[in-house]
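Inspection log for the structure reproduced underneath, given as structure tokens.
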Amino acid sequence: FFFFFNDTATTEIYTRSIVGSVRCVQETGINAEYMGIIFMIRNLVSRRGQLLCRQIASDLVKLKVDGKDVSVPKGTLLVEAIKVAGSNVPTLCYHPDVSTSGGLCRVCLCESVQRPGVPIVSCKTPVAEGMQIITTGIKTSELRQSNTAMMFATHPNTCLSCPSNTKCPGQSMCATASIGQRDLNNVLPKKNTGETDHTTAIYRDNDRCINCDICVHTCKMQGIGALGFYNKEGHAIGSMGQLNSTECIQCGQCINRCPTGALMEMPEIAPVLEAIKNPKKHVVFQMAPAIRAAIAEEFGCKAGERIIKNELVTALKKLGPNVTVMDTDFTADLTIIEEGYELIERLTRTLTGKKTYGDDHMPIDLPMFTSCCPGWIMFVEKNYPELTKNMSTCMSPMQMLGSLSKSYWAKQVKKIDPKDIVNVAIMPCTAKKQEKDRPDMIRDGLKVTDYVLTTRELGKMLRMSNIDPTKLPKTPFDKIMGDSTGAAVIFGATGGVMEAALRTAYEVITGRVVPFKNLNIEAVRGMEGIREAAIKLENVLPAFKHFEGVTLKVAVAHGPGNARKLIEIVKQAQQTGQPSPWHFIEIMACPGGCIGGGGQPKPTNLEIRKERTKLIYQEDMDLPLRKSHENPEVTDLYKQFLKEPLGHNSHHYLHRTYQGKQVRNLADYQASEYAGLDDILAKYPKEEQYLLPIIIDESDKRGYISDPSLIKISNHVGMHPAQVEAILSSYHYFPREHTSNTHVYLCRCHNCMMKGQGKVIKAIQEKYGIKSTHGGLSNDKKFTLHTLNWLGWCVNDAPSMMIKRAGTDFIETVSGLQESSIEAKLNEIVNKQMDKWPEHKIVEKSLKEKSFMGEKTDLADAVKKAITMEPSKVIKEILDSGLVGRGGAGFRTGIKWQSARDARATEKFVVCNADEGLPSTYKDWCILRNPQRRKEVIAGMGICAKTIEAKKCYLYLRYEYRNLVPEILADIKKVQSTCPELADLHYEVRLGGGPYVAGEENAQFESIMGHAPLPRKDRPLSVFPTIAGLFHKPTVINNVETFWSVPHIIEQGAKSFSAQGLPKLLSVTGDVKKPILLEASLHNYTLQNLIDEIGAQDIYAAEVGGCTEPIIFKETFGKKFGFGQGVLNAVGSCVLFDSKKDIAEVYENKLHFMAEESCKQCVPCREGSIMFLEGFHKMMSGKKMNMQSILAAAESAGQTSICAHGKALQPLINEAYNYIQKHPVNHKQRDFLFPYILFCLLYTSPSPRDLSTSRMPSSA
């Protein structure tokens, strides 16, 4: 690209665009959007000249950023285009190296000239032709300020003591955004849990974490997956077990990308300075080659600006008179000698069976892997312990120098006691801290290296001593173990160890230098994840005649994910009895090798790594000696001490052993903890999409998901255990530990709470000593208590509870609970199976002359008619009927079907959304429990599938309705029998797991696909489910009520169906005699009509459209039901409140729902919903709030949240806070939620994320 553009910036962004596109194809399977770029790459390889230049130009998108014209490749994210223009938007959760990052913090906002004031999330928005972007808009600046203030509202006030102080992107962002103006710091308490986790090398402080998720994405990108984002009682980063016992290889890449001080290396500056102060100690510093290429960045220099080498020697010697400075490059040269001869010996014994060097028991397995990188070593030991015999037995250069300084240098050179030596290694790598503490790294009773400082720690230590190495003169390394060659320098870059080894091995075997210009073996250089090279050995020296004609094959990889690919190829060859494709393989754990190590200065990204790499290769070129075997001091060392490569002394002081132990080994668990799981796994293919069905089966069987079960399930579906555990945390019904065999779930919807559920909950907690209402165990250990927001069928006889027992594949129901008899009822529950369904008491009533609800459709005729019609005519019929979606958005069904029909794809899907999680909405329940209506839904799905040419239909059923599954499956068979035209369709019922957000279309797709049920944060603005839905294929997703309507429309005709206005079902509860399912006409019927029709008395207020909607009062009862502006949301629910109800308590329950059911991804909803609830509590207790800041935060939630749940906060908060200001609460009269909340307050968790109870000030 540079050849064509002759511009570094354009070249970099063009390359990044293509790499990102390829990742997107690999990770998501979406290829239509990016095939043009793939073809362009192919053409770049095969064509030259003006033709290609014209093609590249045609794929560039032109836009303006702050008035400046910019051209960037199609698919480039706005945030990157803004950088090219020389402008800037701040980012906290986005990192250019991590394609899946971003979209959470919502601070990278900009706006367009065409739509001023409307925020654009730049890190998730691709550029489009003709965009005119403004990064300095007043409105987006205000929204950015609010989001930053919410993100840091609970952040601890420990900046002065934080390791990232003055170098913290989060701190800088807060200062730039002036978040103090928002005055949100006192709404929630500061995080002060003291929760930490650490390995030998890495320290994680949960209180400082802002949950940006970059570390999680980084760990997954590395192929490790030790971290996950957990959604229990709020969003939090975590791991499955303590970090030290996980898959973590301590590479530190998470630290490099953390925007706060939540992640850091385990500090060791203090003991190093103490050693320097001790005159009896000889402090020996050594520094790795990658240090000198990066340390200048710690002192204000740009990446790649200069190399700091001998100036560092000066700086270190200024720390104290007892300081000696050696060069790790010296032992890098030594490593090449030992490792090179080890490779030659393995090849020799494999080819001839004869020994030349080393002892009789040295490993000879091929391929041989390098052993310099401790992160890589941990990866092998934890994941592939059987391959430790393929690892080179050489210590890393760091450990070799440490070992020699306490043996050769101490005893033969300085004549001092090795116990008085303190070895301090300055490394770019956090995992080196773990390496120094390994039990196999003790020689002659002493640790070979005492302390390891990262590049960042070195910078901090020098600044503490007021030393700036960029302003110091040069001082040579100490003479012993201070000389090195260029081959040692390039150890710092990926491929460097391999190149250095080939320079020496080839010359040792042939007597000639490697046949590459200037000794530069370009084939093993570069940032590609995997690289290969081959050198044919010809005219070899007589001692190596067995190598004549052999082609030496090598491979290089950086990053554990790429290493895994090579390992699997090697293992497959071993298993099939074939030779390995390579003889020698170099692996580095960090991107780019050591120059991108986890201990390097922040930030570190692709551009910075490249700049550092240039410095390393330039130093190699500038040195007089560039081959390790030419280092005269290494030669002297062999003469005076080591004697020969692989000899006795070398083996003792320079070689090591391994401790392979499979992480997550099932042998460490009791077999009873996962007994029977194999039978479950045998039912399902090894694919991610079957994760939830497997989890449900295992949870049914055992009552919880044990650690070994989770490990086996993870292996089956090909996911990391922490990833699976994190996914489970987004669901409500899959406990991770055994508490009891009976789990009791009490509904706290408006209707249940109005009927006394709060008193029932209080009575249970008091009687059974239960503290938490999210998994609290009774003191007799017979049941576990939970609360949830909506059962659905509970309206039949509220208040209600649901029971789930271990060993059953169904739920049990109990209705009509009473505080006075709850103890007897619970005793009955634990000893006796309860009813599967409550008595049906819902009254069905139609307000239409011709009741659609009471009709029975001839399914055979309707389906046959639809199939014989052309698809375009079916769609026209749907369009003419006026049918719209019934789940909330009210989108026209025919347009959706047409879009899916027009989409070109090998696979298409139909999804029926039966996850009726919006409290007080039960219309879908009434449809699905009725056999005839249920069949009509199934037929409607089939008609849709045939119309859009889909082959698979999924019905996503909420967990609380799971007892319907057998009946639905039976009716699918009946419908396919009655309607043979649908017999070739594949129907599948998928159960959900409880969260309200799973009803959002993209979250539902993700759930079916085996991922966490979260709205997609990276969906391009113009890409709808009909283009990229389930499995990223064209998908029609409609509500139960919508599909139910389809056969009626086909049979009756569009005009007849909508003759009296479009029929719509409304779920009516609250202050009514009985729950009512009412059939009305959209846009032709008011709330007052409804109240009059059912005879409800003294109705003062109503909730129309669910908990996400504001309360309406009498003055708006004349509005009509419908979808869109100026009407009442006809999604399906209507809760009526009489004049006795305290509406403040109703709002409190609504805000509790909004906070608890937030998917907890984006900051405005995740942090805002909790903040708004807490602020409302304070106002209810008479405290004053900064209303301007609260409403500004609510506006930000409404404008910048990912999905409709967060966007609903703005109008809801505006109305709720307005109401509480106008109607001060009389606490003595509170009888709706107060008893429940008050008791829960006694047991509040100190974490502000614990929403298992509502928290109110003690004055309440």
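Residues in the structure tokens are named by chain (A, B, ... in the order shown) and by number from 1 within that chain; ligands are numbered from 1 in the order shown.
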
Those of stretch 872-1054 of chain A in DSSP helix (DSSP H, G or I), formatted as a VMD selection string: chain A and resid 872 to 881 893 to 902 923 to 928 931 to 948 959 to 978 980 to 982 996 to 999 1001 to 1008 1025 to 1028 1030 to 1032 1040 to 1052 1054

Residues near A:Val127, cut-off 7 Å, only C-alpha atoms, skip fewer than 4 positions along chain, as JSON, numbers by chain: {"A": [74, 75, 76, 77, 78]}

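The shell of residues at most 12 Å from A:Asp636, with only C-alpha atoms counted and near chain neighbours (fewer than 6 positions) removed, consists of Leu334, Tyr408, Ile480, Met481, Asp483, His629, Glu630, Leu642, Lys643 and Glu644 of chain A.
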
For the strand (DSSP E) assignment from backbone DSSP, which residues of stretch 781-1016 of chain A qualify? Please present them as a PDB file with C-alpha atoms, in the first residue's frame.
ATOM      1  CA  THR A 784     -33.267 -21.012  48.261  1.00  0.00           C
ATOM      2  CA  LEU A 785     -35.096 -17.713  47.825  1.00  0.00           C
ATOM      3  CA  HIS A 786     -35.023 -15.482  44.745  1.00  0.00           C
ATOM      4  CA  THR A 787     -37.074 -12.554  43.510  1.00  0.00           C
ATOM      5  CA  LEU A 788     -37.668 -11.701  39.879  1.00  0.00           C
ATOM      6  CA  MET A 801     -44.167 -17.880  43.101  1.00  0.00           C
ATOM      7  CA  MET A 802     -42.377 -20.339  40.847  1.00  0.00           C
ATOM      8  CA  ILE A 803     -40.583 -23.446  42.088  1.00  0.00           C
ATOM      9  CA  LYS A 804     -37.714 -25.220  40.318  1.00  0.00           C
ATOM     10  CA  ARG A 805     -36.405 -28.473  41.768  1.00  0.00           C
ATOM     11  CA  GLU A 812     -44.157 -25.650  39.523  1.00  0.00           C
ATOM     12  CA  THR A 813     -46.452 -22.765  40.370  1.00  0.00           C
ATOM     13  CA  VAL A 814     -48.062 -21.451  43.522  1.00  0.00           C
ATOM     14  CA  VAL A 843     -61.076 -12.848  31.414  1.00  0.00           C
ATOM     15  CA  GLU A 844     -60.984 -12.570  27.629  1.00  0.00           C
ATOM     16  CA  LYS A 845     -63.051  -9.784  26.131  1.00  0.00           C
ATOM     17  CA  SER A 846     -63.328  -8.286  22.650  1.00  0.00           C
ATOM     18  CA  PHE A 909     -34.176 -17.937   9.414  1.00  0.00           C
ATOM     19  CA  VAL A 910     -37.517 -17.223  11.028  1.00  0.00           C
ATOM     20  CA  VAL A 911     -37.629 -16.480  14.756  1.00  0.00           C
ATOM     21  CA  CYS A 912     -40.758 -16.186  16.854  1.00  0.00           C
ATOM     22  CA  ASN A 913     -40.070 -13.998  19.868  1.00  0.00           C
ATOM     23  CA  ALA A 914     -41.994 -15.617  22.726  1.00  0.00           C
ATOM     24  CA  LYS A 952     -35.402 -23.146   9.806  1.00  0.00           C
ATOM     25  CA  CYS A 953     -37.827 -21.691  12.329  1.00  0.00           C
ATOM     26  CA  TYR A 954     -36.960 -20.996  15.955  1.00  0.00           C
ATOM     27  CA  LEU A 955     -39.489 -20.286  18.687  1.00  0.00           C
ATOM     28  CA  TYR A 956     -37.660 -18.606  21.566  1.00  0.00           C
ATOM     29  CA  LEU A 957     -39.773 -19.310  24.658  1.00  0.00           C
ATOM     30  CA  HIS A 986     -37.108 -27.484  10.642  1.00  0.00           C
ATOM     31  CA  TYR A 987     -38.828 -26.123  13.750  1.00  0.00           C
ATOM     32  CA  GLU A 988     -36.929 -25.764  17.000  1.00  0.00           C
ATOM     33  CA  VAL A 989     -38.048 -24.508  20.406  1.00  0.00           C
ATOM     34  CA  ARG A 990     -35.316 -22.719  22.348  1.00  0.00           C
ATOM     35  CA  LEU A 991     -35.797 -21.882  26.006  1.00  0.00           C
TER      36      LEU A 991
END

In Å, rounded to a single decimal, give me how far atom CA of A:Asn789 is from atom CA of A:Gln833. 23.7 Å

Computed interatomic separation between atom CA of A:Asn231 and atom CA of A:Phe1005 (Å): 18.3 Å

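The shell of residues at most 10 Å from A:Met461, with only C-alpha atoms counted and near chain neighbours (fewer than 3 positions) removed, consists of A:Glu268, A:Ile269, A:Ala270, A:Val272, A:Leu273, A:Leu316, A:Leu319, A:Leu453, A:Thr455, A:Arg456, A:Glu457, A:Leu458, A:Met464, A:Ser465, A:Asn466, A:Ile467.
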
Excluding A:Gly103 and any residue of its chain fewer than 2 positions from it, enumerate the residues within 8 Å of it, using only C-alpha atoms, and give them as a PDB file with C-alpha atoms, in the first residue's frame.
ATOM      1  CA  CYS A  93     -13.297   1.249  25.967  1.00  0.00           C
ATOM      2  CA  TYR A  94     -11.914   1.170  22.412  1.00  0.00           C
ATOM      3  CA  SER A 101     -13.618  -3.569  21.751  1.00  0.00           C
ATOM      4  CA  CYS A 105     -18.365   3.962  27.387  1.00  0.00           C
ATOM      5  CA  ARG A 106     -20.138   6.145  24.811  1.00  0.00           C
ATOM      6  CA  VAL A 121     -20.666   6.576  18.441  1.00  0.00           C
ATOM      7  CA  CYS A 123     -15.840   3.630  17.466  1.00  0.00           C
ATOM      8  CA  LYS A 124     -18.736   1.542  16.125  1.00  0.00           C
ATOM      9  CA  LYS A1017     -23.195  -3.001  20.246  1.00  0.00           C
ATOM     10  CA  ASP A1018     -21.503  -3.063  16.870  1.00  0.00           C
ATOM     11  CA  CYS A1162     -23.238   0.618  27.922  1.00  0.00           C
TER      12      CYS A1162
END

Counting only C-alpha atoms, what is within 8 Å of stretch 383-393 of chain A, bar same-chain residues fewer than 4 positions away, as a PyMOL selection string? chain A and resi 339+342+363-371+379+655-663

Output N, CA and C atoms for every residue in the selection just made, as a PDB file, in the first residue's frame.
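Listing of result-v7.pdb after writing:
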ATOM      1  N   GLU A 339      20.964 -23.061  22.288  1.00  0.00           N
ATOM      2  CA  GLU A 339      19.748 -23.488  21.608  1.00  0.00           C
ATOM      3  C   GLU A 339      20.059 -23.994  20.205  1.00  0.00           C
ATOM      4  N   GLU A 342      21.465 -27.345  20.562  1.00  0.00           N
ATOM      5  CA  GLU A 342      20.402 -28.267  20.963  1.00  0.00           C
ATOM      6  C   GLU A 342      19.572 -28.687  19.749  1.00  0.00           C
ATOM      7  N   PRO A 363      15.979 -34.391  25.795  1.00  0.00           N
ATOM      8  CA  PRO A 363      14.875 -34.599  24.847  1.00  0.00           C
ATOM      9  C   PRO A 363      15.364 -34.441  23.411  1.00  0.00           C
ATOM     10  N   ILE A 364      14.810 -35.233  22.522  1.00  0.00           N
ATOM     11  CA  ILE A 364      15.209 -35.115  21.111  1.00  0.00           C
ATOM     12  C   ILE A 364      13.983 -34.951  20.201  1.00  0.00           C
ATOM     13  N   ASP A 365      12.832 -34.695  20.812  1.00  0.00           N
ATOM     14  CA  ASP A 365      11.607 -34.584  20.033  1.00  0.00           C
ATOM     15  C   ASP A 365      11.627 -33.356  19.119  1.00  0.00           C
ATOM     16  N   LEU A 366      11.032 -33.508  17.943  1.00  0.00           N
ATOM     17  CA  LEU A 366      10.883 -32.421  16.993  1.00  0.00           C
ATOM     18  C   LEU A 366       9.398 -32.221  16.706  1.00  0.00           C
ATOM     19  N   PRO A 367       9.020 -31.000  16.411  1.00  0.00           N
ATOM     20  CA  PRO A 367       9.845 -29.796  16.309  1.00  0.00           C
ATOM     21  C   PRO A 367      10.291 -29.322  17.681  1.00  0.00           C
ATOM     22  N   MET A 368      11.341 -28.541  17.695  1.00  0.00           N
ATOM     23  CA  MET A 368      11.785 -27.925  18.942  1.00  0.00           C
ATOM     24  C   MET A 368      11.189 -26.517  18.996  1.00  0.00           C
ATOM     25  N   PHE A 369      10.633 -26.183  20.165  1.00  0.00           N
ATOM     26  CA  PHE A 369      10.081 -24.851  20.387  1.00  0.00           C
ATOM     27  C   PHE A 369      11.059 -24.011  21.190  1.00  0.00           C
ATOM     28  N   THR A 370      11.086 -22.718  20.919  1.00  0.00           N
ATOM     29  CA  THR A 370      11.912 -21.809  21.709  1.00  0.00           C
ATOM     30  C   THR A 370      11.383 -21.728  23.137  1.00  0.00           C
ATOM     31  N   SER A 371      12.239 -21.262  24.051  1.00  0.00           N
ATOM     32  CA  SER A 371      11.872 -21.244  25.470  1.00  0.00           C
ATOM     33  C   SER A 371      12.181 -19.906  26.140  1.00  0.00           C
ATOM     34  N   PHE A 379       1.698 -21.146  28.788  1.00  0.00           N
ATOM     35  CA  PHE A 379       0.640 -21.581  27.880  1.00  0.00           C
ATOM     36  C   PHE A 379       0.779 -23.067  27.569  1.00  0.00           C
ATOM     37  N   HIS A 655      20.342 -24.577  31.682  1.00  0.00           N
ATOM     38  CA  HIS A 655      19.183 -25.337  31.193  1.00  0.00           C
ATOM     39  C   HIS A 655      18.172 -25.545  32.312  1.00  0.00           C
ATOM     40  N   ARG A 656      16.971 -25.954  31.926  1.00  0.00           N
ATOM     41  CA  ARG A 656      15.860 -25.976  32.869  1.00  0.00           C
ATOM     42  C   ARG A 656      14.935 -27.151  32.583  1.00  0.00           C
ATOM     43  N   THR A 657      13.954 -27.312  33.483  1.00  0.00           N
ATOM     44  CA  THR A 657      12.934 -28.341  33.318  1.00  0.00           C
ATOM     45  C   THR A 657      11.561 -27.668  33.269  1.00  0.00           C
ATOM     46  N   TYR A 658      10.515 -28.483  33.093  1.00  0.00           N
ATOM     47  CA  TYR A 658       9.155 -27.941  32.971  1.00  0.00           C
ATOM     48  C   TYR A 658       8.209 -28.661  33.931  1.00  0.00           C
ATOM     49  N   GLN A 659       7.094 -28.006  34.182  1.00  0.00           N
ATOM     50  CA  GLN A 659       6.125 -28.527  35.152  1.00  0.00           C
ATOM     51  C   GLN A 659       4.732 -28.543  34.526  1.00  0.00           C
ATOM     52  N   GLY A 660       4.579 -29.310  33.499  1.00  0.00           N
ATOM     53  CA  GLY A 660       3.306 -29.350  32.791  1.00  0.00           C
ATOM     54  C   GLY A 660       2.175 -29.870  33.657  1.00  0.00           C
ATOM     55  N   LYS A 661       1.122 -29.086  33.788  1.00  0.00           N
ATOM     56  CA  LYS A 661      -0.085 -29.507  34.517  1.00  0.00           C
ATOM     57  C   LYS A 661      -1.288 -28.869  33.846  1.00  0.00           C
ATOM     58  N   GLN A 662      -2.123 -29.704  33.276  1.00  0.00           N
ATOM     59  CA  GLN A 662      -3.281 -29.223  32.535  1.00  0.00           C
ATOM     60  C   GLN A 662      -4.176 -28.354  33.410  1.00  0.00           C
ATOM     61  N   VAL A 663      -4.461 -27.143  32.942  1.00  0.00           N
ATOM     62  CA  VAL A 663      -5.393 -26.285  33.663  1.00  0.00           C
ATOM     63  C   VAL A 663      -6.800 -26.829  33.487  1.00  0.00           C
TER      64      VAL A 663
END

note - atom CA of A:Asn539 and atom CA of A:Thr551 are separated by 12.5 Å
